[in-house]
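Novice: For reference, the file my_file_19.pdb (PDB, C-alpha atoms) is included below:
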```pdb
MODEL        1
ATOM      1  CA  MET A  13      -1.518   1.990 -17.262
ATOM      2  CA  LYS A  14      -3.167  -1.265 -16.199
ATOM      3  CA  HIS A  15      -6.795  -1.730 -15.146
ATOM      4  CA  ARG A  16      -8.458  -4.414 -13.055
ATOM      5  CA  LYS A  17     -12.198  -4.987 -12.651
ATOM      6  CA  THR A  18     -14.969  -3.518 -14.758
ATOM      7  CA  SER A  19     -17.328  -2.992 -11.827
ATOM      8  CA  GLY A  20     -17.060  -2.282  -8.122
ATOM      9  CA  LEU A  21     -13.968  -0.357  -7.114
ATOM     10  CA  LYS A  22     -11.676  -0.337 -10.132
ATOM     11  CA  ILE A  23      -7.938  -0.650  -9.543
ATOM     12  CA  ARG A  24      -5.682   1.257 -11.926
ATOM     13  CA  MET A  25      -1.898   0.941 -11.744
ATOM     14  CA  SER A  26       1.031   2.715 -13.370
ATOM     15  CA  GLN A  27       4.705   1.943 -12.786
ATOM     16  CA  VAL A  28       6.589   5.207 -12.340
ATOM     17  CA  GLY A  29      10.029   6.488 -11.424
ATOM     18  CA  PRO A  30      13.506   4.933 -11.394
ATOM     19  CA  TRP A  31      12.589   2.356  -8.704
ATOM     20  CA  GLY A  32       9.583   0.972 -10.565
ATOM     21  CA  LEU A  33       7.064   2.276  -8.048
ATOM     22  CA  ASN A  34       3.515   0.986  -8.495
ATOM     23  CA  ALA A  35       1.204   3.981  -8.136
ATOM     24  CA  TYR A  36      -2.492   3.149  -7.872
ATOM     25  CA  ALA A  37      -5.850   4.804  -8.345
ATOM     26  CA  LEU A  38      -9.078   3.366  -6.992
ATOM     27  CA  VAL A  39     -12.156   4.478  -8.940
ATOM     28  CA  CYS A  40     -15.799   3.820  -8.036
ATOM     29  CA  SER A  41     -17.455   2.514 -11.199
ATOM     30  CA  LYS A  42     -20.813   4.102 -10.288
ATOM     31  CA  THR A  43     -19.947   7.550  -8.878
ATOM     32  CA  ARG A  44     -16.515   8.017 -10.554
ATOM     33  CA  LYS A  45     -15.068   9.153  -7.208
ATOM     34  CA  SER A  46     -11.390   8.217  -6.923
ATOM     35  CA  VAL A  47      -8.310   8.234  -4.708
ATOM     36  CA  LEU A  48      -4.661   8.350  -5.749
ATOM     37  CA  ILE A  49      -2.285   6.093  -3.803
ATOM     38  CA  ASP A  50       1.488   6.694  -3.549
ATOM     39  CA  PRO A  51       2.314   9.549  -5.963
ATOM     40  CA  GLY A  52       5.951   8.531  -6.386
ATOM     41  CA  ALA A  53       6.981  10.176  -9.673
ATOM     42  CA  GLU A  54       5.863  11.272 -13.153
ATOM     43  CA  PRO A  55       2.928  13.579 -12.343
ATOM     44  CA  ASP A  56       1.492  13.376 -15.858
ATOM     45  CA  ALA A  57       1.307   9.575 -15.622
ATOM     46  CA  LEU A  58      -0.303   9.875 -12.201
ATOM     47  CA  GLU A  59      -2.881  12.279 -13.580
ATOM     48  CA  ARG A  60      -3.702   9.815 -16.361
ATOM     49  CA  LEU A  61      -4.563   7.237 -13.700
ATOM     50  CA  LEU A  62      -7.396   9.530 -12.643
ATOM     51  CA  VAL A  63      -8.841  10.214 -16.094
ATOM     52  CA  LYS A  64     -12.659  10.453 -16.202
ATOM     53  CA  SER A  65     -12.849  10.382 -12.407
ATOM     54  CA  GLU A  66     -13.304  12.872  -9.577
ATOM     55  CA  PRO A  67     -10.302  12.667  -7.191
ATOM     56  CA  MET A  68     -11.254  13.018  -3.533
ATOM     57  CA  ALA A  69      -7.942  12.276  -1.746
ATOM     58  CA  ILE A  70      -4.309  11.251  -1.969
ATOM     59  CA  ILE A  71      -3.367   8.332   0.299
ATOM     60  CA  LEU A  72       0.150   7.236   1.273
ATOM     61  CA  THR A  73       0.944   3.644   2.171
ATOM     62  CA  HIS A  74       4.122   5.024   3.765
ATOM     63  CA  SER A  75       6.523   7.941   3.545
ATOM     64  CA  HIS A  76       9.628   6.573   1.783
ATOM     65  CA  SER A  77      10.897   8.932  -0.911
ATOM     66  CA  ASP A  78      10.048   6.632  -3.831
ATOM     67  CA  HIS A  79       6.386   6.723  -2.750
ATOM     68  CA  VAL A  80       6.107  10.493  -2.208
ATOM     69  CA  GLY A  81       8.384  12.003  -4.855
ATOM     70  CA  SER A  82       5.551  13.786  -6.672
ATOM     71  CA  LEU A  83       3.364  14.401  -3.627
ATOM     72  CA  VAL A  84       3.856  18.169  -3.576
ATOM     73  CA  GLU A  85       3.060  18.507  -7.279
ATOM     74  CA  MET A  86       0.009  16.232  -7.125
ATOM     75  CA  ARG A  87      -1.373  18.126  -4.140
ATOM     76  CA  ARG A  88      -0.966  21.308  -6.162
ATOM     77  CA  ARG A  89      -2.717  19.826  -9.195
ATOM     78  CA  LEU A  90      -5.543  17.966  -7.485
ATOM     79  CA  LYS A  91      -6.224  20.189  -4.477
ATOM     80  CA  VAL A  92      -7.537  17.271  -2.428
ATOM     81  CA  PRO A  93      -6.787  16.162   1.159
ATOM     82  CA  LEU A  94      -3.760  14.045   1.991
ATOM     83  CA  MET A  95      -4.402  10.943   4.107
ATOM     84  CA  ALA A  96      -1.557   9.093   5.851
ATOM     85  CA  HIS A  97      -0.617   7.298   9.041
ATOM     86  CA  PRO A  98       0.669   9.654  11.775
ATOM     87  CA  GLY A  99       4.084   8.003  11.864
ATOM     88  CA  LEU A 100       6.883   8.082  12.808
ATOM     89  CA  HIS A 101       7.648   8.946   9.201
ATOM     90  CA  ALA A 102      10.655   7.832   7.180
ATOM     91  CA  GLY A 103      13.809   9.777   7.980
ATOM     92  CA  ASP A 104      11.872  11.743  10.619
ATOM     93  CA  SER A 105      10.224  13.642   7.770
ATOM     94  CA  LEU A 106       7.187  15.779   8.512
ATOM     95  CA  LEU A 107       3.885  15.359   6.695
ATOM     96  CA  ASP A 108       1.087  17.913   6.870
ATOM     97  CA  ALA A 109      -1.776  15.535   6.159
ATOM     98  CA  GLU A 110      -5.358  16.715   6.432
ATOM     99  CA  GLN A 111      -6.436  13.329   7.801
ATOM    100  CA  TRP A 112      -4.406  10.924   9.933
ATOM    101  CA  LEU A 113      -5.405   7.309   9.410
ATOM    102  CA  VAL A 114      -5.560   4.733  12.203
ATOM    103  CA  HIS A 115      -5.856   0.952  12.188
ATOM    104  CA  GLY A 116      -9.390  -0.228  11.469
ATOM    105  CA  GLU A 117     -10.577   3.083  10.021
ATOM    106  CA  MET A 118     -12.850   2.976   6.980
ATOM    107  CA  ILE A 119     -12.420   5.320   4.001
ATOM    108  CA  ASN A 120     -15.372   5.894   1.700
ATOM    109  CA  VAL A 121     -14.671   6.015  -2.037
ATOM    110  CA  GLY A 122     -17.956   6.555  -3.786
ATOM    111  CA  ASN A 123     -20.172   3.566  -2.983
ATOM    112  CA  HIS A 124     -17.304   1.530  -1.546
ATOM    113  CA  GLN A 125     -15.205   1.333   1.598
ATOM    114  CA  ILE A 126     -11.503   0.752   2.129
ATOM    115  CA  LYS A 127     -10.269  -0.584   5.471
ATOM    116  CA  VAL A 128      -7.024   0.840   6.854
ATOM    117  CA  CYS A 129      -4.687  -1.803   8.319
ATOM    118  CA  HIS A 130      -1.550  -0.599  10.112
ATOM    119  CA  THR A 131       1.155  -2.984   8.856
ATOM    120  CA  PRO A 132       4.458  -1.681  10.317
ATOM    121  CA  GLY A 133       7.915  -3.179   9.964
ATOM    122  CA  HIS A 134       9.295  -1.820   6.708
ATOM    123  CA  THR A 135       8.422   1.584   8.173
ATOM    124  CA  ALA A 136       6.579   2.608  11.328
ATOM    125  CA  ASP A 137       3.917   4.403   9.291
ATOM    126  CA  GLN A 138       3.244   1.602   6.786
ATOM    127  CA  ILE A 139      -0.426   0.871   6.093
ATOM    128  CA  SER A 140      -2.301  -1.484   3.803
ATOM    129  CA  LEU A 141      -5.627  -0.573   2.222
ATOM    130  CA  VAL A 142      -8.029  -3.507   2.112
ATOM    131  CA  ILE A 143     -11.154  -3.651  -0.072
ATOM    132  CA  GLU A 144     -12.834  -6.461   1.832
ATOM    133  CA  SER A 145     -15.895  -6.640  -0.424
ATOM    134  CA  GLN A 146     -13.783  -7.712  -3.403
ATOM    135  CA  HIS A 147     -10.786  -9.358  -1.700
ATOM    136  CA  ASP A 148      -8.172  -6.815  -2.774
ATOM    137  CA  ALA A 149      -5.414  -5.153  -0.767
ATOM    138  CA  ILE A 150      -3.027  -2.345  -1.694
ATOM    139  CA  VAL A 151      -0.096  -3.358   0.522
ATOM    140  CA  GLY A 152       2.671  -0.843  -0.240
ATOM    141  CA  ASP A 153       5.991  -2.387   0.814
ATOM    142  CA  THR A 154       4.483  -4.573   3.553
ATOM    143  CA  ILE A 155       4.777  -7.748   1.523
ATOM    144  CA  PHE A 156       5.869  -8.849  -1.944
ATOM    145  CA  ALA A 157       5.446 -12.057  -3.920
ATOM    146  CA  GLY A 158       8.939 -13.155  -2.879
ATOM    147  CA  GLY A 159       9.157 -11.926   0.704
ATOM    148  CA  PRO A 160       8.422  -9.151   3.201
ATOM    149  CA  GLY A 161       9.550  -5.551   2.845
ATOM    150  CA  LYS A 162      13.147  -4.656   3.703
ATOM    151  CA  THR A 163      13.982  -3.759   7.307
ATOM    152  CA  TRP A 164      16.868  -1.748   8.760
ATOM    153  CA  SER A 165      17.076  -3.175  12.280
ATOM    154  CA  ALA A 166      16.362  -6.435  14.114
ATOM    155  CA  LYS A 167      13.536  -4.651  15.951
ATOM    156  CA  GLU A 168      11.887  -3.654  12.653
ATOM    157  CA  PHE A 169      12.218  -7.225  11.376
ATOM    158  CA  GLN A 170      10.515  -8.569  14.503
ATOM    159  CA  THR A 171       7.755  -6.000  13.943
ATOM    160  CA  THR A 172       7.379  -7.318  10.389
ATOM    161  CA  LEU A 173       6.999 -10.871  11.691
ATOM    162  CA  LYS A 174       4.250  -9.715  14.062
ATOM    163  CA  THR A 175       2.509  -7.870  11.213
ATOM    164  CA  LEU A 176       2.568 -11.002   9.069
ATOM    165  CA  ARG A 177       1.181 -13.184  11.871
ATOM    166  CA  THR A 178      -1.520 -10.884  13.186
ATOM    167  CA  ILE A 179      -2.604  -8.823  10.170
ATOM    168  CA  VAL A 180      -1.616 -10.216   6.780
ATOM    169  CA  LEU A 181      -2.422 -13.863   7.493
ATOM    170  CA  SER A 182      -5.847 -12.859   8.808
ATOM    171  CA  TRP A 183      -6.862 -11.927   5.256
ATOM    172  CA  SER A 184      -8.625 -14.508   3.109
ATOM    173  CA  ASP A 185      -6.770 -16.735   0.662
ATOM    174  CA  GLU A 186      -8.678 -15.003  -2.151
ATOM    175  CA  THR A 187      -7.089 -11.646  -1.337
ATOM    176  CA  ILE A 188      -5.099 -10.214  -4.243
ATOM    177  CA  CYS A 189      -2.173  -8.191  -2.899
ATOM    178  CA  TYR A 190      -1.017  -5.174  -4.894
ATOM    179  CA  PRO A 191       2.494  -4.225  -3.726
ATOM    180  CA  GLY A 192       4.509  -1.047  -4.147
ATOM    181  CA  HIS A 193       6.916  -2.816  -6.516
ATOM    182  CA  GLY A 194       6.591  -5.891  -8.704
ATOM    183  CA  PRO A 195       3.607  -8.061  -9.622
ATOM    184  CA  SER A 196       0.388  -8.620  -7.720
ATOM    185  CA  PHE A 197      -0.254 -12.052  -6.209
ATOM    186  CA  ARG A 198      -2.938 -14.133  -4.507
ATOM    187  CA  LEU A 199      -2.304 -14.444  -0.775
ATOM    188  CA  GLY A 200      -3.454 -18.064  -0.678
ATOM    189  CA  ASP A 201      -0.683 -18.989  -3.120
ATOM    190  CA  LYS A 202       1.920 -17.647  -0.666
ATOM    191  CA  ARG A 203       0.387 -18.655   2.673
ATOM    192  CA  GLN A 204       2.337 -21.907   3.098
ATOM    193  CA  TYR A 205       5.615 -20.116   2.379
ATOM    194  CA  ILE A 206       4.821 -17.297   4.809
ATOM    195  CA  ASN A 207       3.884 -19.820   7.521
ATOM    196  CA  ALA A 208       7.137 -21.717   6.976
ATOM    197  CA  PHE A 209       9.074 -18.423   7.101
ATOM    198  CA  LEU A 210       7.434 -17.516  10.412
ATOM    199  CA  LYS A 211       8.284 -20.879  11.993
ATOM    200  CA  LYS A 212      12.039 -20.374  11.480
ATOM    201  CA  ASP A 213      14.378 -18.784  14.007
ATOM    202  CA  HIS A 214      15.844 -15.783  12.195
ATOM    203  CA  GLY A 215      17.915 -14.627  15.152
ATOM    204  CA  ALA A 216      18.890 -10.959  14.963
ATOM    205  CA  PHE A 217      18.386 -10.794  11.194
ATOM    206  CA  PHE A 218      17.275  -7.682   9.343
ATOM    207  CA  GLY A 219      17.493  -6.505   5.734
ATOM    208  CA  ASP A 220      16.147  -7.997   2.502
ATOM    209  CA  ALA A 221      14.359 -11.271   3.177
ATOM    210  CA  THR A 222      12.879 -14.000   0.996
ATOM    211  CA  TRP A 223      10.327 -16.635   1.976
ATOM    212  CA  ASP A 224      12.812 -19.472   1.330
ATOM    213  CA  MET A 225      15.686 -18.107   3.470
TER     214      MET A 225
ENDMDL
END
```
If you took the structure in this file and wrote it as structure tokens, what would it be?
Specialist:
Amino acid sequence: MKHRKTSGLKIRMSQVGPWGLNAYALVCSKTRKSVLIDPGAEPDALERLLVKSEPMAIILTHSHSDHVGSLVEMRRRLKVPLMAHPGLHAGDSLLDAEQWLVHGEMINVGNHQIKVCHTPGHTADQISLVIESQHDAIVGDTIFAGGPGKTWSAKEFQTTLKTLRTIVLSWSDETICYPGHGPSFRLGDKRQYINAFLKKDHGAFFGDATWDM
């Protein structure tokens, strides 16, 4: 389990499951209130992320199976509300969330707020969770250090391009992005590569993309 920050809203991360899913917990350093993000696998490891905190919700960045594999078990253990985007959900799956999240909504975690940004493309229900006060963003599979999240149609890829232009690039250079897989990165270090990627004509492309393609 990795920790970041000793004050403010602490970010805890544990890599779980066969796909190396980054599960996160956000913990208010003052009130000890917390949220669990993307309970993909290994419930005991997920529970350790929440040690010495008071869980108040489970939040999904999106509904792909590697992000929700232990959702049922963690809901049973924690008995807290599920928060997610209303969809469409991956594979037309049904979620019975207690709170549906919309773009621009603010979530209170102790003394701090998280801004919900709808960042579709990889999935229709993909969201990013932005802690504006400390320039952090939990981005799910919206964006990685090496490229955007995988798409399964040309329409989804075009949606990803719009998300990058209108949402992701509006964040400050200081924003640290915490993706669903792989290492975190500073957005400013990738901005020139994202801009160059957006200037290219990708035709009817979809699939796995890299900034240098």
Novice: Tell me which of A:Asp108, A:Glu66, A:Asp201, A:Asp224 sits closest to Val39 in chain A, counting only C-alpha atoms.
Specialist: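 Closest to Val39 in chain A, using only C-alpha atoms: A:Glu66.
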Novice: May I have a table of the residues of range 113-159 of chain A lying at most 12 Å from range 204-213 of chain A, giving each one's closest pair of atoms and their distance in Å to one decimal, counting all atoms listed in the file, ordered by chain and ascending residue number, as a Markdown table?
Specialist:
```
| residue | atom | partner | partner_atom | distance |
| --- | --- | --- | --- | --- |
| A:Ile155 | CA | A:Ile206 | CA | 10.1 |
| A:Phe156 | CA | A:Ile206 | CA | 10.9 |
| A:Ala157 | CA | A:Ile206 | CA | 10.2 |
| A:Gly158 | CA | A:Tyr205 | CA | 9.3 |
| A:Gly159 | CA | A:Ile206 | CA | 8.0 |
```
Novice: Excluding same-chain residues fewer than 2 positions from range 134-149 of chain A, what lies within 6 Å of it counting all atoms listed in the file, as a ChimeraX atom specification?
Specialist: /A:73-74,97,99-101,126-132,151,161-163,187-189
Novice: What is the CA of Leu58 in chain A-CA of Met25 in chain A distance in Å, reported with one decimal?
Specialist: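 According to the coordinates, CA of Leu58 in chain A and CA of Met25 in chain A are separated by 9.1 Å.
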Novice: Please provide as a list in words all residues within 12 Å of Pro55 in chain A, with the sequence filter that same-chain residues fewer than 4 positions apart are discarded (counting only C-alpha atoms).
Specialist: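 With the cut-off at 12 Å, the set is Ser26, Gln27, Val28, Gly29, Ala35, Leu48, Asp50, Pro51, Glu59, Arg60, Leu61, Leu62, Val80, Gly81, Ser82, Leu83, Val84, Glu85, Met86, Arg87, Arg88, Arg89 and Leu90 of chain A.
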Novice: Can you list what the PyMOL selection byres ((chain A and resi 20) around 7) grabs from this structure, as a list in words?
Specialist: Ser19, Leu21, Lys22, Cys40 and Ser41 of chain A
Novice: Using the chain letters and numbers from the file, which residues does the PyMOL selection byres ((chain A and resi 219) around 9) grab, as a PyMOL selection string?
Specialist: chain A and resi 161-166+169+217-218+220-221
Novice: Between CA of Gly52 in chain A and CA of Pro98 in chain A, what distance in Å does the model show, to one decimal?
Specialist: 18.9 Å
Novice: Measure the distance from CA of Ile70 in chain A to CA of Ala96 in chain A in Å and round it to one decimal.
Specialist: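 Between CA of Ile70 in chain A and CA of Ala96 in chain A the gap works out to 8.6 Å.
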Novice: Do you know which residues the PyMOL selection byres ((chain A and resi 32) around 9) returns on this file, as a VMD selection string?
Specialist: chain A and resid 27 to 31 33 to 34 78 192 to 194
Novice: From the options A:Thr178, A:Ser105, A:His76, A:Ile71, which residue's atoms come nearest to Pro93 in chain A, counting only C-alpha atoms?
Specialist: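 Among A:Thr178, A:Ser105, A:His76, A:Ile71, it is A:Ile71 that comes nearest to Pro93 in chain A.
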Novice: Which of these residues is nearest to Thr222 in chain A, using all atoms listed in the file: A:Pro160, A:Leu176, A:Lys167, A:Met13?
Specialist: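 Ranked by minimum distance to Thr222 in chain A, first place goes to A:Pro160.
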Novice: Looking at A:Leu173, A:Ala102, A:Val47, A:Ala53, which one is nearest to Asn120 in chain A, with distances taken over all atoms listed in the file?
Specialist: A:Val47
Novice: What would range 129-151 of chain A look like with N, CA and C atoms restored, written as a PDB file, keeping the file's coordinate frame?
Specialist:
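And here's part-v9.pdb as it stands now:
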```
ATOM      1  N   CYS A 129      -5.384  -0.866   7.439  1.00  0.00           N
ATOM      2  CA  CYS A 129      -4.687  -1.803   8.319  1.00  0.00           C
ATOM      3  C   CYS A 129      -3.272  -1.282   8.545  1.00  0.00           C
ATOM      4  N   HIS A 130      -2.918  -1.013   9.792  1.00  0.00           N
ATOM      5  CA  HIS A 130      -1.550  -0.599  10.112  1.00  0.00           C
ATOM      6  C   HIS A 130      -0.667  -1.832  10.029  1.00  0.00           C
ATOM      7  N   THR A 131       0.307  -1.820   9.112  1.00  0.00           N
ATOM      8  CA  THR A 131       1.155  -2.984   8.856  1.00  0.00           C
ATOM      9  C   THR A 131       2.634  -2.600   8.967  1.00  0.00           C
ATOM     10  N   PRO A 132       3.087  -2.197  10.160  1.00  0.00           N
ATOM     11  CA  PRO A 132       4.458  -1.681  10.317  1.00  0.00           C
ATOM     12  C   PRO A 132       5.512  -2.764  10.202  1.00  0.00           C
ATOM     13  N   GLY A 133       6.750  -2.311  10.093  1.00  0.00           N
ATOM     14  CA  GLY A 133       7.915  -3.179   9.964  1.00  0.00           C
ATOM     15  C   GLY A 133       8.878  -2.542   8.991  1.00  0.00           C
ATOM     16  N   HIS A 134       8.504  -2.509   7.729  1.00  0.00           N
ATOM     17  CA  HIS A 134       9.295  -1.820   6.708  1.00  0.00           C
ATOM     18  C   HIS A 134       9.462  -0.354   7.086  1.00  0.00           C
ATOM     19  N   THR A 135       8.385   0.266   7.531  1.00  0.00           N
ATOM     20  CA  THR A 135       8.422   1.584   8.173  1.00  0.00           C
ATOM     21  C   THR A 135       7.401   1.564   9.303  1.00  0.00           C
ATOM     22  N   ALA A 136       7.534   2.518  10.219  1.00  0.00           N
ATOM     23  CA  ALA A 136       6.579   2.608  11.328  1.00  0.00           C
ATOM     24  C   ALA A 136       5.217   3.087  10.866  1.00  0.00           C
ATOM     25  N   ASP A 137       5.180   3.822   9.757  1.00  0.00           N
ATOM     26  CA  ASP A 137       3.917   4.403   9.291  1.00  0.00           C
ATOM     27  C   ASP A 137       3.279   3.625   8.138  1.00  0.00           C
ATOM     28  N   GLN A 138       3.758   2.403   7.899  1.00  0.00           N
ATOM     29  CA  GLN A 138       3.244   1.602   6.786  1.00  0.00           C
ATOM     30  C   GLN A 138       1.799   1.173   7.043  1.00  0.00           C
ATOM     31  N   ILE A 139       0.939   1.378   6.042  1.00  0.00           N
ATOM     32  CA  ILE A 139      -0.426   0.871   6.093  1.00  0.00           C
ATOM     33  C   ILE A 139      -0.727   0.077   4.836  1.00  0.00           C
ATOM     34  N   SER A 140      -1.719  -0.800   4.956  1.00  0.00           N
ATOM     35  CA  SER A 140      -2.301  -1.484   3.803  1.00  0.00           C
ATOM     36  C   SER A 140      -3.759  -1.062   3.708  1.00  0.00           C
ATOM     37  N   LEU A 141      -4.267  -1.027   2.491  1.00  0.00           N
ATOM     38  CA  LEU A 141      -5.627  -0.573   2.222  1.00  0.00           C
ATOM     39  C   LEU A 141      -6.413  -1.740   1.652  1.00  0.00           C
ATOM     40  N   VAL A 142      -7.352  -2.258   2.435  1.00  0.00           N
ATOM     41  CA  VAL A 142      -8.029  -3.507   2.112  1.00  0.00           C
ATOM     42  C   VAL A 142      -9.464  -3.229   1.641  1.00  0.00           C
ATOM     43  N   ILE A 143      -9.785  -3.723   0.461  1.00  0.00           N
ATOM     44  CA  ILE A 143     -11.154  -3.651  -0.072  1.00  0.00           C
ATOM     45  C   ILE A 143     -11.783  -5.010   0.206  1.00  0.00           C
ATOM     46  N   GLU A 144     -12.377  -5.152   1.382  1.00  0.00           N
ATOM     47  CA  GLU A 144     -12.834  -6.461   1.832  1.00  0.00           C
ATOM     48  C   GLU A 144     -13.927  -7.030   0.938  1.00  0.00           C
ATOM     49  N   SER A 145     -14.766  -6.171   0.374  1.00  0.00           N
ATOM     50  CA  SER A 145     -15.895  -6.640  -0.424  1.00  0.00           C
ATOM     51  C   SER A 145     -15.471  -7.341  -1.707  1.00  0.00           C
ATOM     52  N   GLN A 146     -14.243  -7.075  -2.165  1.00  0.00           N
ATOM     53  CA  GLN A 146     -13.783  -7.712  -3.403  1.00  0.00           C
ATOM     54  C   GLN A 146     -12.417  -8.364  -3.243  1.00  0.00           C
ATOM     55  N   HIS A 147     -12.000  -8.589  -1.993  1.00  0.00           N
ATOM     56  CA  HIS A 147     -10.786  -9.358  -1.700  1.00  0.00           C
ATOM     57  C   HIS A 147      -9.545  -8.787  -2.395  1.00  0.00           C
ATOM     58  N   ASP A 148      -9.350  -7.488  -2.234  1.00  0.00           N
ATOM     59  CA  ASP A 148      -8.172  -6.815  -2.774  1.00  0.00           C
ATOM     60  C   ASP A 148      -7.477  -6.041  -1.657  1.00  0.00           C
ATOM     61  N   ALA A 149      -6.165  -5.916  -1.752  1.00  0.00           N
ATOM     62  CA  ALA A 149      -5.414  -5.153  -0.767  1.00  0.00           C
ATOM     63  C   ALA A 149      -4.244  -4.440  -1.442  1.00  0.00           C
ATOM     64  N   ILE A 150      -4.187  -3.121  -1.265  1.00  0.00           N
ATOM     65  CA  ILE A 150      -3.027  -2.345  -1.694  1.00  0.00           C
ATOM     66  C   ILE A 150      -2.059  -2.361  -0.511  1.00  0.00           C
ATOM     67  N   VAL A 151      -0.923  -3.040  -0.651  1.00  0.00           N
ATOM     68  CA  VAL A 151      -0.096  -3.358   0.522  1.00  0.00           C
ATOM     69  C   VAL A 151       1.193  -2.544   0.623  1.00  0.00           C
TER      70      VAL A 151
END
```
